[in-house]
>>> print(open('structure06.txt').read())   # compact mmCIF, C-alpha atoms
# COMPACT_ATOMS: atom_id res chain seq x y z
CA MET A 17 72.24 176.57 145.37
CA VAL A 18 74.83 173.99 146.21
CA GLU A 19 72.26 171.27 146.12
CA ASP A 20 71.17 172.32 142.63
CA LEU A 21 74.78 172.30 141.47
CA VAL A 22 75.33 168.82 142.86
CA VAL A 23 72.17 167.57 141.18
CA THR A 24 73.25 169.13 137.90
CA LEU A 25 76.68 167.57 138.08
CA ALA A 26 75.17 164.22 138.94
CA ALA A 27 72.82 164.49 135.97
CA LEU A 28 75.67 165.44 133.64
CA GLY A 29 77.78 162.58 134.98
CA SER A 30 74.94 160.15 134.44
CA ALA A 31 74.41 161.49 130.93
CA GLY A 32 78.12 161.18 130.22
CA VAL A 33 78.15 157.59 131.44
CA VAL A 34 75.14 156.75 129.30
CA TYR A 35 76.74 158.47 126.30
CA LEU A 36 80.00 156.55 126.76
CA ALA A 37 78.06 153.32 127.13
CA MET A 38 76.23 154.04 123.88
CA ALA A 39 79.32 155.30 122.04
CA ALA A 40 81.86 152.74 123.15
CA ARG A 41 82.46 149.75 120.93
CA VAL A 42 84.94 146.98 121.67
CA ILE A 43 86.43 145.17 118.69
CA LYS A 44 88.08 141.83 119.35
CA GLN A 45 91.48 140.83 118.03
CA TYR A 46 90.10 138.64 115.22
CA GLU A 47 87.56 141.27 114.12
CA ARG A 48 87.62 144.48 112.11
CA GLY A 49 85.06 147.31 112.23
CA VAL A 50 83.68 149.32 109.32
CA LEU A 51 82.27 152.70 110.29
CA PHE A 52 79.11 153.89 108.51
CA ARG A 53 78.23 157.51 109.23
CA LEU A 54 74.79 158.39 107.98
CA GLY A 55 74.97 155.40 105.66
CA ARG A 56 78.36 156.21 104.15
CA VAL A 57 81.64 154.42 104.83
CA THR A 58 83.83 156.82 106.76
CA GLY A 59 87.48 156.55 107.55
CA GLU A 60 89.61 153.47 107.63
CA VAL A 61 88.74 150.08 109.02
CA ARG A 62 88.69 150.21 112.81
CA SER A 63 91.35 148.12 114.50
CA PRO A 64 90.84 145.92 117.58
CA GLY A 65 90.35 147.63 120.91
CA LEU A 66 88.05 150.34 122.26
CA ASN A 67 86.44 152.55 119.61
CA LEU A 68 84.01 155.45 120.08
CA ILE A 69 81.22 156.33 117.70
CA ILE A 70 78.49 158.95 117.62
CA PRO A 71 75.30 157.38 118.90
CA PHE A 72 72.31 157.44 116.54
CA VAL A 73 74.62 158.71 113.76
CA ASP A 74 77.30 156.08 113.31
CA ARG A 75 77.02 152.36 112.87
CA LEU A 76 79.99 150.05 113.37
CA PRO A 77 79.41 146.50 112.05
CA LYS A 78 82.12 143.97 112.79
CA VAL A 79 83.61 141.50 110.35
CA ASN A 80 85.20 138.22 111.44
CA MET A 81 88.64 137.84 109.90
CA GLN A 82 89.13 134.21 110.96
CA ILE A 83 89.23 131.33 108.51
CA VAL A 84 85.68 130.09 107.94
CA THR A 85 85.00 126.39 107.36
CA LEU A 86 82.04 126.15 105.04
CA PRO A 87 80.67 122.68 104.18
CA ILE A 88 79.22 122.31 100.71
CA PRO A 89 76.04 120.20 100.62
CA ALA A 90 76.24 117.02 98.57
CA GLN A 91 75.63 117.75 94.90
CA GLU A 92 74.28 115.11 92.54
CA GLY A 93 75.43 115.14 88.95
CA ILE A 94 76.37 113.05 85.93
CA THR A 95 80.03 112.66 85.09
CA ARG A 96 81.49 112.89 81.61
CA ASP A 97 81.34 109.10 81.27
CA ASN A 98 77.61 109.06 82.21
CA VAL A 99 77.80 107.92 85.83
CA THR A 100 75.49 109.44 88.45
CA VAL A 101 77.40 110.45 91.59
CA ARG A 102 76.90 112.55 94.72
CA VAL A 103 79.87 114.66 95.78
CA ASP A 104 80.27 116.84 98.86
CA ALA A 105 83.15 119.15 99.71
CA VAL A 106 84.36 121.77 102.17
CA VAL A 107 85.69 125.28 101.57
CA TYR A 108 88.15 127.17 103.78
CA PHE A 109 88.09 130.93 103.20
CA ARG A 110 88.68 134.19 105.08
CA VAL A 111 87.92 137.88 104.66
CA VAL A 112 90.88 140.04 103.64
CA ASP A 113 88.97 143.27 102.95
CA ALA A 114 86.25 143.97 105.51
CA THR A 115 84.84 146.94 103.60
CA SER A 116 84.38 145.02 100.34
CA ALA A 117 82.86 142.05 102.17
CA LEU A 118 80.16 144.32 103.63
CA VAL A 119 79.60 146.72 100.72
CA LYS A 120 80.02 144.66 97.54
CA VAL A 121 77.98 141.60 98.54
CA GLU A 122 74.90 141.28 100.70
CA ASP A 123 75.86 138.09 102.55
CA TYR A 124 79.34 136.91 101.66
CA LYS A 125 78.96 133.51 103.38
CA PHE A 126 75.80 132.70 101.44
CA ALA A 127 77.42 133.96 98.23
CA VAL A 128 80.48 131.75 98.70
CA SER A 129 78.25 128.77 99.50
CA GLN A 130 76.19 129.18 96.32
CA MET A 131 79.28 129.73 94.21
CA ALA A 132 80.88 126.59 95.68
CA GLN A 133 77.80 124.46 94.93
CA THR A 134 77.63 125.72 91.34
CA SER A 135 81.35 125.14 90.80
CA LEU A 136 81.13 121.64 92.28
CA ARG A 137 78.34 120.64 89.90
CA SER A 138 80.37 122.05 87.01
CA ILE A 139 83.43 120.04 88.07
CA ILE A 140 81.34 116.85 88.25
CA GLY A 141 80.08 117.32 84.70
CA LYS A 142 83.58 117.94 83.32
CA SER A 143 85.32 115.02 85.06
CA ASP A 144 85.38 111.26 84.65
CA LEU A 145 84.59 108.86 87.45
CA ASP A 146 88.22 107.74 87.68
CA ASP A 147 89.31 111.36 88.17
CA LEU A 148 86.82 111.86 91.00
CA LEU A 149 88.08 108.75 92.75
CA SER A 150 91.83 108.93 92.21
CA ASN A 151 92.81 112.40 90.94
CA ARG A 152 91.22 114.59 93.59
CA GLU A 153 94.17 116.92 94.05
CA LYS A 154 93.82 118.28 90.54
CA LEU A 155 90.06 118.63 90.92
CA ASN A 156 90.52 120.47 94.23
CA GLN A 157 92.81 122.98 92.55
CA GLY A 158 90.34 123.53 89.71
CA LEU A 159 87.46 123.92 92.14
CA GLU A 160 89.45 126.39 94.25
CA LEU A 161 90.23 128.48 91.17
CA MET A 162 86.57 128.55 90.11
CA ILE A 163 85.43 129.75 93.55
CA ASP A 164 88.29 132.17 94.14
CA SER A 165 87.89 134.08 90.87
CA PRO A 166 84.62 135.89 91.77
CA ALA A 167 85.36 135.91 95.50
CA VAL A 168 88.41 138.15 95.05
CA GLY A 169 86.14 141.06 94.15
CA TRP A 170 84.19 140.50 97.37
CA GLY A 171 87.28 140.90 99.55
CA ILE A 172 87.44 137.15 100.24
CA GLN A 173 90.35 134.80 99.78
CA VAL A 174 89.76 131.06 99.35
CA ASP A 175 92.53 129.17 101.13
CA ARG A 176 91.61 125.57 100.35
CA VAL A 177 88.89 123.40 98.83
CA GLU A 178 88.64 119.69 99.56
CA ILE A 179 86.32 117.05 98.08
CA LYS A 180 85.26 114.96 101.06
CA ASP A 181 83.29 112.04 99.68
CA VAL A 182 82.04 110.59 96.39
CA SER A 183 78.90 108.46 96.70
CA LEU A 184 78.23 105.91 93.95
CA PRO A 185 75.09 103.90 93.16
CA ASP A 186 74.97 100.34 94.49
CA THR A 187 75.00 98.88 90.98
CA MET A 188 78.20 100.80 90.16
CA LYS A 189 79.80 99.62 93.40
CA ARG A 190 79.04 95.99 92.52
CA SER A 191 80.39 96.49 88.99
CA MET A 192 83.61 97.99 90.32
CA ALA A 193 83.94 95.14 92.82
CA ARG A 194 83.57 92.58 90.02
CA GLN A 195 86.11 94.47 87.92
CA ALA A 196 88.62 94.51 90.77
CA GLU A 197 88.03 90.81 91.43
CA ALA A 198 88.54 89.96 87.75
CA ASP A 199 91.73 92.00 87.64
CA ARG A 200 93.11 90.23 90.72
CA GLU A 201 92.19 86.85 89.24
CA ARG A 202 93.95 87.80 86.00
CA ARG A 203 97.11 88.73 87.87
CA ALA A 204 96.93 85.50 89.88
CA ARG A 205 96.70 83.45 86.68
CA ILE A 206 99.63 85.32 85.16
CA ILE A 207 101.71 84.64 88.26
CA ASN A 208 100.77 80.94 88.22
CA ALA A 209 101.60 80.68 84.52
CA ASP A 210 104.95 82.36 85.11
CA ALA A 211 105.67 79.92 87.91
CA GLU A 212 104.76 76.97 85.67
CA LEU A 213 107.03 78.32 82.95
CA GLN A 214 109.97 78.62 85.32
CA ALA A 215 109.28 75.17 86.77
CA SER A 216 109.09 73.63 83.28
CA LYS A 217 112.46 75.13 82.37
CA LYS A 218 114.03 73.70 85.50
CA LEU A 219 112.43 70.29 84.88
CA ALA A 220 113.71 70.32 81.30
CA GLU A 221 117.22 71.05 82.55
CA ALA A 222 116.90 68.24 85.11
CA ALA A 223 115.64 65.80 82.47
CA GLN A 224 118.49 66.71 80.16
CA GLN A 225 120.95 66.18 82.99
CA MET A 226 119.47 62.78 83.91
CA SER A 227 119.35 61.57 80.32
CA GLY A 228 123.13 61.28 80.28
CA THR A 229 123.23 59.11 83.43
CA PRO A 230 120.51 56.43 83.57
CA ALA A 231 121.46 55.62 87.17
CA ALA A 232 120.28 59.07 88.21
CA LEU A 233 116.79 58.23 87.00
CA GLN A 234 116.79 55.07 89.11
CA LEU A 235 117.97 56.99 92.17
CA ARG A 236 115.24 59.53 91.62
CA LEU A 237 112.71 56.71 91.40
CA LEU A 238 113.93 55.26 94.70
CA GLN A 239 113.73 58.69 96.34
CA THR A 240 110.13 59.02 95.20
CA VAL A 241 109.29 55.60 96.63
CA MET A 242 110.89 56.51 99.95
CA ALA A 243 108.98 59.82 100.07
CA VAL A 244 105.68 58.04 99.49
CA ALA A 245 106.47 55.28 102.00
CA ALA A 246 107.29 57.85 104.70
CA GLU A 247 103.64 58.89 104.83
CA LYS A 248 102.72 55.43 106.30
CA ASN A 249 99.97 54.86 103.80
CA SER A 250 98.45 51.46 103.18
CA THR A 251 98.72 52.00 99.44
CA LEU A 252 102.09 52.41 97.81
CA VAL A 253 102.22 54.13 94.46
CA LEU A 254 105.15 52.96 92.38
CA PRO A 255 105.82 55.06 89.30
CA ILE A 256 106.96 53.18 86.20
CA PRO A 257 109.33 54.94 83.84
CA VAL A 258 107.91 55.64 80.43
CA GLU A 259 111.07 54.26 78.84
CA LEU A 260 110.26 50.83 80.30
CA LEU A 261 106.80 50.86 78.72
CA HIS A 262 108.28 51.80 75.35
CA PHE A 263 110.78 48.93 75.67
CA LEU A 264 108.01 46.41 76.38
CA GLU A 265 105.96 47.73 73.52
CA ARG A 266 108.81 47.39 71.09
CA GLY A 267 109.44 43.82 72.31
CA ALA A 268 105.84 42.77 71.70
CA GLN A 269 105.77 43.99 68.10
CA PRO A 270 107.48 41.85 65.39
CA SER A 271 110.62 43.21 63.94
CA LEU A 272 110.02 45.17 60.81
CA THR A 273 113.39 44.20 59.31
CA GLU A 274 112.68 40.42 59.24
CA LYS A 275 110.51 39.24 56.38
CA PRO A 276 108.11 36.32 57.04
CA GLU A 277 108.92 33.08 55.21
CA ARG A 278 106.53 32.13 52.51
CA PRO A 279 105.29 28.48 52.47
CA GLU A 280 106.56 26.44 49.55
CA LYS A 281 103.87 25.68 47.06
CA PRO A 282 103.58 22.03 45.84
CA GLU A 283 104.57 21.38 42.33
CA LYS A 284 101.72 21.83 40.08
CA GLU A 285 100.86 18.67 38.29
CA GLU A 286 100.46 18.88 34.69
CA GLN A 287 96.80 19.22 33.97
CA ASP A 288 97.09 19.31 30.31
CA ARG A 289 99.11 16.38 29.17
CA GLU A 290 99.71 15.63 25.58
CA PRO A 291 97.42 12.79 24.35
CA ALA A 292 99.10 9.51 23.47
CA ALA A 293 99.65 9.06 19.78
CA HIS A 294 98.33 5.97 17.86
CA THR A 295 100.53 3.89 15.86
CA ASP A 296 98.95 5.30 12.84
CA GLY A 297 99.79 8.74 13.99
CA GLY A 298 96.23 9.81 14.87
CA PRO A 299 94.87 10.85 18.20
CA HIS A 300 93.96 8.27 20.77
CA PRO A 301 90.26 7.71 20.99
CA GLY A 302 88.76 8.63 24.26
>>> encode(input="structure06.txt", output="structure tokens")
Amino acid sequence: MVEDLVVTLAALGSAGVVYLAMAARVIKQYERGVLFRLGRVTGEVRSPGLNLIIPFVDRLPKVNMQIVTLPIPAQEGITRDNVTVRVDAVVYFRVVDATSALVKVEDYKFAVSQMAQTSLRSIIGKSDLDDLLSNREKLNQGLELMIDSPAVGWGIQVDRVEIKDVSLPDTMKRSMARQAEADRERRARIINADAELQASKKLAEAAQQMSGTPAALQLRLLQTVMAVAAEKNSTLVLPIPVELLHFLERGAQPSLTEKPERPEKPEKEEQDREPAAHTDGGPHPG
């Protein structure tokens, strides 16, 4: 009798241990449990810790409440200014309502991924290439709004969306490189022209200052000769003032104020002389 009682107690203890093993569920701190009893959501969301369920009757799936980093595969599209690009991004989201994430959508991660890819292609078609390259913050906000709008009904909150990379065709890269090079060359020419303008103004002021003192021009000429001679060259370049050339040119030309003397012409002999008259008053015979 005692032996049967011990065996019975041992069997009940073993059954109780097996039941507890089958009924016990441990939920981690970053998880929440949703209890389905005979297929229906029952009670509130189970908190972290040890939870007991009815074996073969209840089901307790767990939902991760951590922030999920979901990469969006590169999407190829045509921008508003007809440029083909490939853009990839990343989405940071988390579950805020475990019940809605399990009941209202079959696979919330796959749903968010597809929604993100569709929204990214839509953003590419609505944006210009310059916006994709330089105005990403605004595009990120628009993309986050497009993904977050349907995800709110699934119990999901989108924290952040970032465009990672924009891939351009090789021809477009070369065109942009040529454009940047041309722009830099334009700015370099403008800077050089500005420098020439400033230098010309200073030279004009110096020339005006030297015009009042001719000795200053001679001193400047001697300074130039000394600067050239300091290089120890075998050839010495001696600049000649332009005023000296003008002076020599004026000296070689005849003065315009003096009129050349005309040669005196010899007196013209009378070609037609009157014929000598005869004594009788008639003409002289030839």
>>> residues_around(input="structure06.txt", residues="region 87-104 of chain A", least_positions_apart="5", cutoff="7 Å", atoms="all atoms listed in the file", output="list in words")
Ser129, Ala132, Gln133, Arg137, Ile140, Gly141, Lys142, Ser143, Asp144, Leu145, Ile179, Lys180, Asp181, Val182, Ser183 and Leu184 of chain A
>>> write_last_selection(input="structure06.txt", atoms="C-alpha atoms", output="PDB file, in the frame of the given file")
ATOM      1  CA  SER A 129      78.250 128.770  99.500  1.00  0.00           C
ATOM      2  CA  ALA A 132      80.880 126.590  95.680  1.00  0.00           C
ATOM      3  CA  GLN A 133      77.800 124.460  94.930  1.00  0.00           C
ATOM      4  CA  ARG A 137      78.340 120.640  89.900  1.00  0.00           C
ATOM      5  CA  ILE A 140      81.340 116.850  88.250  1.00  0.00           C
ATOM      6  CA  GLY A 141      80.080 117.320  84.700  1.00  0.00           C
ATOM      7  CA  LYS A 142      83.580 117.940  83.320  1.00  0.00           C
ATOM      8  CA  SER A 143      85.320 115.020  85.060  1.00  0.00           C
ATOM      9  CA  ASP A 144      85.380 111.260  84.650  1.00  0.00           C
ATOM     10  CA  LEU A 145      84.590 108.860  87.450  1.00  0.00           C
ATOM     11  CA  ILE A 179      86.320 117.050  98.080  1.00  0.00           C
ATOM     12  CA  LYS A 180      85.260 114.960 101.060  1.00  0.00           C
ATOM     13  CA  ASP A 181      83.290 112.040  99.680  1.00  0.00           C
ATOM     14  CA  VAL A 182      82.040 110.590  96.390  1.00  0.00           C
ATOM     15  CA  SER A 183      78.900 108.460  96.700  1.00  0.00           C
ATOM     16  CA  LEU A 184      78.230 105.910  93.950  1.00  0.00           C
TER      17      LEU A 184
END
>>> atom_distance(input="structure06.txt", atom1="CA of Met81 (chain A)", atom2="CA of Asn67 (chain A)")
17.8 Å
>>> atom_distance(input="structure06.txt", atom1="CA of Asn80 (chain A)", atom2="CA of Arg176 (chain A)")
18.0 Å
>>> residues_around(input="structure06.txt", residues="Val57 (chain A)", least_positions_apart="4", cutoff="10 Å", atoms="only C-alpha atoms", output="compact mmCIF listing (two decimals) with C-alpha atoms, in the frame of the given file")
# COMPACT_ATOMS: atom_id res chain seq x y z
CA VAL A 50 83.68 149.32 109.32
CA LEU A 51 82.27 152.70 110.29
CA PHE A 52 79.11 153.89 108.51
CA ARG A 53 78.23 157.51 109.23
CA VAL A 61 88.74 150.08 109.02
CA ASP A 74 77.30 156.08 113.31
CA ARG A 75 77.02 152.36 112.87
CA LEU A 76 79.99 150.05 113.37
CA THR A 115 84.84 146.94 103.60
CA VAL A 119 79.60 146.72 100.72
>>> atom_distance(input="structure06.txt", atom1="CA of Val112 (chain A)", atom2="CA of Gln173 (chain A)")
6.5 Å
>>> axis_aligned_box(input="structure06.txt", around="region 63-81 of chain A", padding_each_side="6 Å", output="lines of an AutoDock Vina configuration file")
center_x = 81.8
center_y = 148.4
center_z = 116.1
size_x = 31.0
size_y = 33.1
size_z = 24.4
>>> residues_around(input="structure06.txt", residues="Ala222 (chain A)", least_positions_apart="5", cutoff="12 Å", atoms="only C-alpha atoms", output="PyMOL selection string")
chain A and resi 215-217+227-229+232-233+236
>>> write_last_selection(input="structure06.txt", atoms="C-alpha atoms", output="compact mmCIF listing (two decimals), in the frame of the given file")
# COMPACT_ATOMS: atom_id res chain seq x y z
CA ALA A 215 109.28 75.17 86.77
CA SER A 216 109.09 73.63 83.28
CA LYS A 217 112.46 75.13 82.37
CA SER A 227 119.35 61.57 80.32
CA GLY A 228 123.13 61.28 80.28
CA THR A 229 123.23 59.11 83.43
CA ALA A 232 120.28 59.07 88.21
CA LEU A 233 116.79 58.23 87.00
CA ARG A 236 115.24 59.53 91.62
>>> residues_around(input="structure06.txt", residues="Gly169 (chain A)", least_positions_apart="4", cutoff="8 Å", atoms="all atoms listed in the file", output="ChimeraX atom specification")
/A:116,120,165
>>> write_last_selection(input="structure06.txt", atoms="C-alpha atoms", output="CSV table (one decimal), in the coordinates of the input")
chain,number,residue,atom,x,y,z
A,116,SER,CA,84.4,145.0,100.3
A,120,LYS,CA,80.0,144.7,97.5
A,165,SER,CA,87.9,134.1,90.9
>>> decode(input="structure06.txt", residues="region 82-107 of chain A", atoms="N, CA, C and O atoms", output="CSV table (one decimal), in the first residue's frame")
chain,number,residue,atom,x,y,z
A,82,GLN,N,12.8,45.5,-30.1
A,82,GLN,CA,14.0,46.3,-30.4
A,82,GLN,C,13.9,47.0,-31.8
A,82,GLN,O,13.0,46.7,-32.6
A,83,ILE,N,14.7,48.0,-31.9
A,83,ILE,CA,14.8,48.7,-33.2
A,83,ILE,C,15.4,47.8,-34.3
A,83,ILE,O,16.5,47.2,-34.0
A,84,VAL,N,14.7,47.6,-35.4
A,84,VAL,CA,15.2,46.7,-36.4
A,84,VAL,C,15.8,47.6,-37.5
A,84,VAL,O,15.3,48.6,-38.0
A,85,THR,N,17.0,47.2,-38.0
A,85,THR,CA,17.7,47.8,-39.1
A,85,THR,C,17.5,47.0,-40.3
A,85,THR,O,17.9,45.9,-40.5
A,86,LEU,N,16.7,47.6,-41.2
A,86,LEU,CA,16.3,46.9,-42.4
A,86,LEU,C,16.9,47.6,-43.7
A,86,LEU,O,16.6,48.7,-44.0
A,87,PRO,N,17.9,46.9,-44.3
A,87,PRO,CA,18.5,47.5,-45.5
A,87,PRO,C,17.5,47.4,-46.7
A,87,PRO,O,16.9,46.3,-46.9
A,88,ILE,N,17.4,48.4,-47.5
A,88,ILE,CA,16.6,48.4,-48.7
A,88,ILE,C,17.4,48.1,-49.9
A,88,ILE,O,18.4,48.8,-50.1
A,89,PRO,N,17.1,47.1,-50.6
A,89,PRO,CA,18.0,46.8,-51.8
A,89,PRO,C,18.0,47.9,-52.8
A,89,PRO,O,17.1,48.8,-52.8
A,90,ALA,N,19.1,48.0,-53.5
A,90,ALA,CA,19.3,49.1,-54.5
A,90,ALA,C,18.1,49.1,-55.5
A,90,ALA,O,17.9,48.1,-56.1
A,91,GLN,N,17.5,50.2,-55.7
A,91,GLN,CA,16.4,50.4,-56.7
A,91,GLN,C,16.9,51.3,-57.8
A,91,GLN,O,17.5,52.3,-57.6
A,92,GLU,N,16.6,50.8,-59.0
A,92,GLU,CA,17.0,51.6,-60.2
A,92,GLU,C,15.8,52.3,-60.7
A,92,GLU,O,14.7,51.7,-60.9
A,93,GLY,N,16.0,53.6,-61.0
A,93,GLY,CA,14.9,54.4,-61.6
A,93,GLY,C,15.4,55.5,-62.4
A,93,GLY,O,16.6,55.8,-62.5
A,94,ILE,N,14.5,56.3,-62.9
A,94,ILE,CA,14.8,57.5,-63.8
A,94,ILE,C,14.3,58.7,-63.0
A,94,ILE,O,13.1,58.8,-62.6
A,95,THR,N,15.2,59.6,-62.8
A,95,THR,CA,14.8,60.8,-62.1
A,95,THR,C,14.0,61.7,-63.0
A,95,THR,O,13.7,61.5,-64.1
A,96,ARG,N,13.5,62.8,-62.4
A,96,ARG,CA,12.6,63.8,-63.1
A,96,ARG,C,13.4,64.4,-64.2
A,96,ARG,O,12.7,64.8,-65.2
A,97,ASP,N,14.7,64.6,-64.2
A,97,ASP,CA,15.4,65.2,-65.3
A,97,ASP,C,16.1,64.1,-66.2
A,97,ASP,O,17.1,64.3,-66.8
A,98,ASN,N,15.4,62.9,-66.2
A,98,ASN,CA,15.8,61.8,-67.1
A,98,ASN,C,17.2,61.3,-67.0
A,98,ASN,O,18.0,61.2,-67.9
A,99,VAL,N,17.6,61.0,-65.8
A,99,VAL,CA,18.9,60.4,-65.5
A,99,VAL,C,18.7,59.1,-64.8
A,99,VAL,O,17.9,59.0,-63.8
A,100,THR,N,19.3,58.0,-65.2
A,100,THR,CA,19.1,56.7,-64.7
A,100,THR,C,20.1,56.5,-63.5
A,100,THR,O,21.3,56.7,-63.6
A,101,VAL,N,19.5,56.2,-62.3
A,101,VAL,CA,20.3,56.1,-61.1
A,101,VAL,C,19.9,54.8,-60.3
A,101,VAL,O,18.8,54.3,-60.6
A,102,ARG,N,20.8,54.4,-59.5
A,102,ARG,CA,20.5,53.3,-58.5
A,102,ARG,C,20.7,53.8,-57.1
A,102,ARG,O,21.8,54.3,-56.8
A,103,VAL,N,19.7,53.7,-56.3
A,103,VAL,CA,19.7,54.2,-55.0
A,103,VAL,C,19.4,53.1,-54.0
A,103,VAL,O,18.4,52.4,-54.2
A,104,ASP,N,20.2,53.0,-52.9
A,104,ASP,CA,19.9,52.1,-51.8
A,104,ASP,C,19.7,52.9,-50.5
A,104,ASP,O,20.3,54.0,-50.4
A,105,ALA,N,19.0,52.4,-49.6
A,105,ALA,CA,18.7,53.1,-48.3
A,105,ALA,C,18.6,52.0,-47.2
A,105,ALA,O,18.8,50.8,-47.4
A,106,VAL,N,18.4,52.6,-46.0
A,106,VAL,CA,18.2,51.7,-44.8
A,106,VAL,C,17.1,52.3,-44.0
A,106,VAL,O,17.0,53.6,-43.9
A,107,VAL,N,16.3,51.5,-43.4
A,107,VAL,CA,15.2,51.9,-42.6
A,107,VAL,C,15.4,51.4,-41.1
A,107,VAL,O,15.7,50.2,-40.9
